[in-house]
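Q: Just passing along the structure, written as structure tokens.
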Amino acid sequence: MTTKKTSTKAAASPKRRSSKTALYKPTNDELVDFYKDMLLIRRFEEKAGQMYGMGLIGGFCHLYIGQEAVVVGVQTALKKGDSVITGYREHGHMLVAGTDAKAVMAELTGRSGGCSKGKGGSMHMFDPENGFYGGHGIVGAQVSLGTGLAFAAKYKKTDNVGVAYFGDGAANQGQVYESFNMAQIWNLPVIYIIENNQYAMGTSVSRSSSEIELYRRGESFRIPGEQVDGMNVLAVRAAMDKAVKHCREGKGPYILEMKTYRYRGHSMSDPAKYRSKEEVQKMRSDHDAIDQIKNMILDAGIMDEAALKGIDKEVKAVVAEAAAFAQECPEPDLSELYTDVLA
Amino acid sequence: MPQMSMIEAIRDAMDVKMAEDDNVVVFGEDVGYFGGVFRCTHGLQDKYGKNRVFDSPINESGIVGAAIGMAAYGLRPCVEIQFADYIYPAYDQIVSEAARLRYRSGEQFTAPITIRTPVGGGIFGGQTHSQSPESLFTHVAGVKSVIPSNPYDAKGLLIAAMEDPDPVIVFEPKRLYNGPFDGHHDRPASNWSKHPLGDVPEGHYTVEIGKASTFREGKAVTILTYGTMVYVAEAAVKETGIDAEIIDLRSLLPLDVDAIVESVKKTGRCMVLHEATQTSGFGAELAAQVQERCFYHLESPVVRVAGYDTPYPHAQEWDYFPGPARVGRELKAMMEAV
């Protein structure tokens with residue numbers, strides 16, 4: 001791959017600042033869509049949590065509740081042919097990529113109608129047709145894959161971009177920095193989204209990281225980075241539009257640190273001793289992504305409470321249908337044990 | 001017919017595939033401008049350009065990880081890990097991602113990548129440039145491992161690997177890169193051009209992955225081996241006069257079990273021979289396969305001749321891994337066993 005030429009300009013310090021990008025200005029319809037998309041993720045995850053509690057979902061299950069603004073803001077800035085890859089907290093990423101909620105829920109219950117035919121489970125879901133490349137259970141391992149996806153998009157002379165998500169915990173994995181370096185020297189159209197929900201399982205960023213402003217992690221690679229209010233879908237979308245433009249124009253990789261928060265535990269078994277109930281409650285009451293948009297819709301008079309309740313009802317119906325499918329659908333046939341090992 | 005060293009044959013395979021398919025990219029440490037530490041990619045960057053043949057930073061995990069992503073988006077990357085001893089940082093990417101994506105995605109995400117890596121000892125490389133880690137990969141479902149012993153197979157297997165829908169690791173015995181090996185480290189190597197197996201056809205051909213070849217026919221004992229040790233077996237056979245059948249496995253996973261069974265049932269004895277350390281080495285799998293399938297045909301126990309269970313030594317390399325003398329002694333002992 002042609003190495004990026006280091007001009008005098010490029011040699012100057014990359015951007016080191018929190019995002020001052022103005023909020024995205026949505027149309028009324030877009031605002032309602034944001035609301036709907038975020039609500040679908042929340043209701044879906046609430047249902048998944050419930051089904052886990054009932055023993056219908058086994059193993060691991062990492063809920064996305066609280067972080068909905070991130071994927072919705074990111075995904076709506078993308079177009080066909082763009083690739084998305086992430087770690088194991090990916091149910092929301094699937095839903096906004098356009099995957100049928102039934103296929104996601106059935107994968108959680110390990111049924112043959114799941115998006116990976118019940119062979120992947122919660123952490124291993126894929127939908128390449130919708131540009132979603134997983135769903136990876138090894139912390140940080142997806143980052144170099146996402147870098148390769150972006151390489152291929154560039155090699156094929158498209159103007160597509162690759163989005164590689166990872167968390168604040170994965171930000172300490174060595175292969176993330178191998179990827180940053182490759183992305184910059186090969187000038188790849190890749191956007192690294194750091195979903196900083198502030199806890200890697202039970203370890204807070206300040207206890208694990210010498211530089212807690214994770215958007216600055218690209219500085220020594222000369223990759224520009226910005227910190228974004230990840231609880232505000234309009235801030236996410238605005239920052240993402242900027243990053244996508246940067247990549248589509250051939251200017252190389254970009255880092256967006258999304259300051260976000262998960263309300264639930266790391267997974268379903270989480271003693272929750274590493275943070276106070278008050279801290280969680282404060283985020284829910286003061287910063288909730290869905291409430292923020294809901295209030296905007298109401299304040300602007302785009303919809304009233306009754307109409308919003310209608311949306312909630314629609315979303316709940318989709319989730320209920322998914323939950324029913326995920327329980328009715330048969331488990332994979334035993335013969336599937338030996339398929340898909342090799343071509 | 002062209003005469004080629006294994007290095008030239010490997011380069012020719014990549015040349016053939018790059019000419020045929022624009023989606024093939026070749027990269028790794030010093031692979032582009034420098035042409036590879038063993039010169040396997042020499043001249044390819046000049047011919048195909050920096051977009052298709054290029055240098056990566058020294059980051060094996062990143063090399064393999066990026067290759068997997070490229071493959072998922074339709075490219076056919078062929079990467080070099082400069083020495084098999086350097087493959088460990090990429091182990092997670094090979095095992096947890098490349099090998100298993102097909103399965104856990106229900107076949108939606110596959111990783112058709114080729115990983116070339118020089119393997120084995122015999123060049124006094126010491127501990128970090130001599131290892132044979134093949135059994136760490138044959139233990140993993142979802143990734144294929146092949147290991148050629150001559151230029152013809154090297155080219156044919158590499159082309160097959162680059163066309164395979166699954167990830168393939170091509171272990172290239174570096175002792176054989178420049179010429180065939182008479183099994184004695186203290187004698188000069190003769191050039192491949194003076195060796196019949198140095199004949200390498202021009203253009204496209206493949207050697208099927210999963211098929212062994214009979215290097216030498218014999219009736220007394222079957223030697224199951226691969227890579228450099230094929231020639232050590234040959235030397236031992238010459239020196240002992242024991243009429244052994246030497247099976248060059250060529251492909252470890254998938255394994256040509258039929259060829260193994262057929263030979264062992266014919267000879268009634270079996271030696272398993274490799275450079276890698278013995279315990280949990282690939283020979284253990286071979287011995288188990290033979291025991292399960294040929295038990296009632298065996299006239300003596302299956303014998304493993306392998307590297308000793310120590311880290312790889314420097315000065316004592318030729319005491320460590322099996323040479324013709326040790327293989328010969330073991331062959332004689334097997335034949336004396338009733």
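Ligands are numbered from 1 in the order shown, residues from 1 within each chain, and chains are lettered A, B, ... in the order they appear in the structure tokens.
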At a cut-off of 9 Å, list the chain B residues touching chain A, using only C-alpha atoms, as number ranges by chain.
A: B: 23, 27, 49-75, 92-93, 96-97, 99-110, 141-144, 164-166
Q: Write the selection just made, keeping C-alpha atoms, as a PDB file, in the first residue's frame?
A:
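Contents of the output file selection.pdb:
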ATOM      1  CA  ASN B  23      -7.767  -9.248  -5.405  1.00  0.00           C
ATOM      2  CA  PHE B  27       2.392  -8.187   2.456  1.00  0.00           C
ATOM      3  CA  GLY B  49       3.261  -2.178  -7.550  1.00  0.00           C
ATOM      4  CA  LYS B  50       3.228  -0.923  -4.003  1.00  0.00           C
ATOM      5  CA  ASN B  51      -0.516  -1.233  -3.680  1.00  0.00           C
ATOM      6  CA  ARG B  52      -0.371  -4.998  -4.055  1.00  0.00           C
ATOM      7  CA  VAL B  53       3.004  -5.980  -2.592  1.00  0.00           C
ATOM      8  CA  PHE B  54       3.947  -3.980   0.443  1.00  0.00           C
ATOM      9  CA  ASP B  55       5.748  -3.797   3.732  1.00  0.00           C
ATOM     10  CA  SER B  56       3.923  -3.980   7.008  1.00  0.00           C
ATOM     11  CA  PRO B  57       5.147  -2.725  10.337  1.00  0.00           C
ATOM     12  CA  ILE B  58       6.633  -5.391  12.606  1.00  0.00           C
ATOM     13  CA  ASN B  59       3.327  -6.489  14.105  1.00  0.00           C
ATOM     14  CA  GLU B  60       2.370 -10.071  13.408  1.00  0.00           C
ATOM     15  CA  SER B  61      -0.976  -9.839  15.144  1.00  0.00           C
ATOM     16  CA  GLY B  62      -1.850  -6.789  13.085  1.00  0.00           C
ATOM     17  CA  ILE B  63      -0.696  -8.453   9.868  1.00  0.00           C
ATOM     18  CA  VAL B  64      -2.961 -11.447  10.316  1.00  0.00           C
ATOM     19  CA  GLY B  65      -5.839  -9.422  11.756  1.00  0.00           C
ATOM     20  CA  ALA B  66      -5.790  -6.956   8.885  1.00  0.00           C
ATOM     21  CA  ALA B  67      -5.595  -9.837   6.416  1.00  0.00           C
ATOM     22  CA  ILE B  68      -8.733 -11.382   7.905  1.00  0.00           C
ATOM     23  CA  GLY B  69     -10.607  -8.108   7.512  1.00  0.00           C
ATOM     24  CA  MET B  70      -9.380  -7.727   3.922  1.00  0.00           C
ATOM     25  CA  ALA B  71     -10.522 -11.252   3.113  1.00  0.00           C
ATOM     26  CA  ALA B  72     -13.966 -10.582   4.572  1.00  0.00           C
ATOM     27  CA  TYR B  73     -14.317  -7.684   2.142  1.00  0.00           C
ATOM     28  CA  GLY B  74     -13.341  -9.771  -0.884  1.00  0.00           C
ATOM     29  CA  LEU B  75      -9.554  -9.636  -1.102  1.00  0.00           C
ATOM     30  CA  ASP B  92      -4.924 -15.247  18.812  1.00  0.00           C
ATOM     31  CA  GLN B  93      -5.874 -13.852  15.420  1.00  0.00           C
ATOM     32  CA  SER B  96      -9.791 -17.127  17.692  1.00  0.00           C
ATOM     33  CA  GLU B  97     -10.601 -15.279  14.503  1.00  0.00           C
ATOM     34  CA  ALA B  99      -9.970 -20.432  12.101  1.00  0.00           C
ATOM     35  CA  ARG B 100     -13.284 -20.051  13.837  1.00  0.00           C
ATOM     36  CA  LEU B 101     -15.176 -17.275  12.130  1.00  0.00           C
ATOM     37  CA  ARG B 102     -16.777 -19.577   9.595  1.00  0.00           C
ATOM     38  CA  TYR B 103     -18.228 -21.738  12.338  1.00  0.00           C
ATOM     39  CA  ARG B 104     -19.432 -19.127  14.747  1.00  0.00           C
ATOM     40  CA  SER B 105     -20.950 -16.988  12.026  1.00  0.00           C
ATOM     41  CA  GLY B 106     -22.817 -19.889  10.482  1.00  0.00           C
ATOM     42  CA  GLU B 107     -20.685 -19.416   7.357  1.00  0.00           C
ATOM     43  CA  GLN B 108     -21.377 -15.690   6.943  1.00  0.00           C
ATOM     44  CA  PHE B 109     -17.853 -14.551   7.741  1.00  0.00           C
ATOM     45  CA  THR B 110     -15.009 -16.555   6.263  1.00  0.00           C
ATOM     46  CA  ALA B 141     -10.244 -26.925  13.807  1.00  0.00           C
ATOM     47  CA  GLY B 142     -10.837 -24.470  10.999  1.00  0.00           C
ATOM     48  CA  VAL B 143      -7.313 -23.755   9.788  1.00  0.00           C
ATOM     49  CA  LYS B 144      -5.335 -25.917   7.363  1.00  0.00           C
ATOM     50  CA  ASP B 164      -8.668 -22.241  -0.789  1.00  0.00           C
ATOM     51  CA  PRO B 165     -11.855 -20.923   0.805  1.00  0.00           C
ATOM     52  CA  ASP B 166     -10.345 -21.399   4.273  1.00  0.00           C
TER      53      ASP B 166
END
Q: Write out as a VMD selection string each polymer residue whose atoms come within 12 Å of Phe171 of chain B, counting only C-alpha atoms; drop sequence neighbours fewer than 4 positions from it.
A: chain B and resid 10 80 to 85 87 114 to 120 131 to 135 137 to 138 144 to 149 153 to 154 157 to 158 161 175 to 177 226 to 228 250 to 253
Q: For each of A:Val228, A:Ala326, A:Cys247, A:Val319, take the minimum atom-to-atom distance to Lys154 of chain A, counting only C-alpha atoms, then give the residue where this is smallest.
A: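 Among A:Val228, A:Ala326, A:Cys247, A:Val319, it is A:Cys247 that comes nearest to Lys154 of chain A.
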Q: I'd like the contact shell of Glu317 of chain B - 12 Å cut-off, only C-alpha atoms, skipping same-chain residues fewer than 3 positions apart - returned as a PDB file with N, CA and C atoms, in the first residue's frame.
A:
ATOM      1  N   GLY B 120      11.242 -24.506  10.989  1.00  0.00           N
ATOM      2  CA  GLY B 120      12.212 -25.568  11.225  1.00  0.00           C
ATOM      3  C   GLY B 120      13.644 -25.109  11.358  1.00  0.00           C
ATOM      4  N   GLY B 121      14.480 -26.090  11.648  1.00  0.00           N
ATOM      5  CA  GLY B 121      15.872 -25.789  11.940  1.00  0.00           C
ATOM      6  C   GLY B 121      16.810 -26.242  10.843  1.00  0.00           C
ATOM      7  N   GLY B 122      18.048 -26.451  11.282  1.00  0.00           N
ATOM      8  CA  GLY B 122      19.038 -26.916  10.334  1.00  0.00           C
ATOM      9  C   GLY B 122      19.880 -25.802   9.761  1.00  0.00           C
ATOM     10  N   ILE B 123      19.679 -24.586  10.247  1.00  0.00           N
ATOM     11  CA  ILE B 123      20.530 -23.489   9.760  1.00  0.00           C
ATOM     12  C   ILE B 123      21.202 -22.757  10.939  1.00  0.00           C
ATOM     13  N   PHE B 124      21.240 -23.423  12.087  1.00  0.00           N
ATOM     14  CA  PHE B 124      21.847 -22.838  13.286  1.00  0.00           C
ATOM     15  C   PHE B 124      21.218 -21.490  13.656  1.00  0.00           C
ATOM     16  N   GLY B 125      19.920 -21.447  13.640  1.00  0.00           N
ATOM     17  CA  GLY B 125      19.214 -20.206  13.944  1.00  0.00           C
ATOM     18  C   GLY B 125      18.964 -20.003  15.430  1.00  0.00           C
ATOM     19  N   GLY B 126      19.269 -21.012  16.224  1.00  0.00           N
ATOM     20  CA  GLY B 126      19.028 -20.873  17.658  1.00  0.00           C
ATOM     21  C   GLY B 126      17.550 -20.921  17.977  1.00  0.00           C
ATOM     22  N   GLN B 127      17.275 -20.566  19.230  1.00  0.00           N
ATOM     23  CA  GLN B 127      15.945 -20.833  19.766  1.00  0.00           C
ATOM     24  C   GLN B 127      14.806 -20.089  19.071  1.00  0.00           C
ATOM     25  N   HIS B 129      14.672 -18.845  15.905  1.00  0.00           N
ATOM     26  CA  HIS B 129      14.620 -18.847  14.439  1.00  0.00           C
ATOM     27  C   HIS B 129      14.666 -20.272  13.885  1.00  0.00           C
ATOM     28  N   SER B 130      14.192 -21.226  14.668  1.00  0.00           N
ATOM     29  CA  SER B 130      14.346 -22.627  14.261  1.00  0.00           C
ATOM     30  C   SER B 130      13.157 -23.511  14.578  1.00  0.00           C
ATOM     31  N   GLN B 131      12.153 -22.947  15.224  1.00  0.00           N
ATOM     32  CA  GLN B 131      11.133 -23.826  15.792  1.00  0.00           C
ATOM     33  C   GLN B 131      10.170 -24.407  14.751  1.00  0.00           C
ATOM     34  N   HIS B 185      24.146 -32.441   7.892  1.00  0.00           N
ATOM     35  CA  HIS B 185      24.365 -30.998   7.955  1.00  0.00           C
ATOM     36  C   HIS B 185      25.792 -30.611   7.631  1.00  0.00           C
ATOM     37  N   ASP B 186      26.720 -31.548   7.750  1.00  0.00           N
ATOM     38  CA  ASP B 186      28.117 -31.206   7.572  1.00  0.00           C
ATOM     39  C   ASP B 186      28.590 -31.411   6.134  1.00  0.00           C
ATOM     40  N   GLU B 275      10.784 -32.883  13.230  1.00  0.00           N
ATOM     41  CA  GLU B 275      11.761 -32.047  13.945  1.00  0.00           C
ATOM     42  C   GLU B 275      11.230 -31.550  15.276  1.00  0.00           C
ATOM     43  N   GLY B 307      12.242 -34.222  17.774  1.00  0.00           N
ATOM     44  CA  GLY B 307      13.113 -33.346  18.546  1.00  0.00           C
ATOM     45  C   GLY B 307      12.952 -33.665  20.028  1.00  0.00           C
ATOM     46  N   TYR B 308      14.021 -33.484  20.783  1.00  0.00           N
ATOM     47  CA  TYR B 308      13.928 -33.735  22.216  1.00  0.00           C
ATOM     48  C   TYR B 308      13.070 -32.658  22.876  1.00  0.00           C
ATOM     49  N   THR B 310      13.111 -30.218  24.729  1.00  0.00           N
ATOM     50  CA  THR B 310      13.887 -29.108  25.309  1.00  0.00           C
ATOM     51  C   THR B 310      13.606 -27.880  24.447  1.00  0.00           C
ATOM     52  N   PRO B 311      13.918 -26.708  24.942  1.00  0.00           N
ATOM     53  CA  PRO B 311      13.929 -25.559  24.019  1.00  0.00           C
ATOM     54  C   PRO B 311      14.941 -25.830  22.910  1.00  0.00           C
ATOM     55  N   TYR B 312      14.794 -25.139  21.812  1.00  0.00           N
ATOM     56  CA  TYR B 312      15.676 -25.391  20.668  1.00  0.00           C
ATOM     57  C   TYR B 312      17.101 -24.928  20.991  1.00  0.00           C
ATOM     58  N   PRO B 313      18.073 -25.824  20.837  1.00  0.00           N
ATOM     59  CA  PRO B 313      19.463 -25.442  21.168  1.00  0.00           C
ATOM     60  C   PRO B 313      20.159 -24.743  19.997  1.00  0.00           C
ATOM     61  N   HIS B 314      21.300 -24.199  20.262  1.00  0.00           N
ATOM     62  CA  HIS B 314      22.074 -23.583  19.170  1.00  0.00           C
ATOM     63  C   HIS B 314      23.165 -24.531  18.673  1.00  0.00           C
ATOM     64  N   TYR B 320      20.013 -32.415  18.706  1.00  0.00           N
ATOM     65  CA  TYR B 320      18.635 -32.205  19.139  1.00  0.00           C
ATOM     66  C   TYR B 320      17.639 -32.822  18.178  1.00  0.00           C
ATOM     67  N   PHE B 321      17.745 -32.430  16.907  1.00  0.00           N
ATOM     68  CA  PHE B 321      16.711 -32.995  16.034  1.00  0.00           C
ATOM     69  C   PHE B 321      17.242 -34.182  15.266  1.00  0.00           C
ATOM     70  N   PRO B 322      16.350 -35.042  14.863  1.00  0.00           N
ATOM     71  CA  PRO B 322      16.793 -36.333  14.341  1.00  0.00           C
ATOM     72  C   PRO B 322      17.671 -36.182  13.101  1.00  0.00           C
ATOM     73  N   GLY B 323      18.827 -36.764  13.132  1.00  0.00           N
ATOM     74  CA  GLY B 323      19.680 -36.858  11.962  1.00  0.00           C
ATOM     75  C   GLY B 323      19.627 -38.288  11.452  1.00  0.00           C
TER      76      GLY B 323
END
Q: Report, in Å with one decimal, the straight-line distance from atom CA of Asp319 of chain B to atom CA of Arg304 of chain B.
A: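 Calculated distance between atom CA of Asp319 of chain B and atom CA of Arg304 of chain B is 16.0 Å.
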Q: Find, counting only C-alpha atoms, the residue in B:Leu273, B:Val170, B:Ala325, B:Ala315 that gets nearest to Glu239 of chain B.
A: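 Of B:Leu273, B:Val170, B:Ala325, B:Ala315, the one nearest Glu239 of chain B is B:Ala325, counting only C-alpha atoms.
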Q: Excluding Leu308 of chain A and residues on its chain fewer than 3 positions from it, collect all residues at most 10 Å away from it, counting only C-alpha atoms, and give them as a list in words.
A: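 So the residues in contact are Val32, Tyr35, Lys36, Lys294, Ile297, Leu298, Ile302, Met303, Asp304, Glu305, Ile311, Asp312, Lys313 and Glu314 of chain A.
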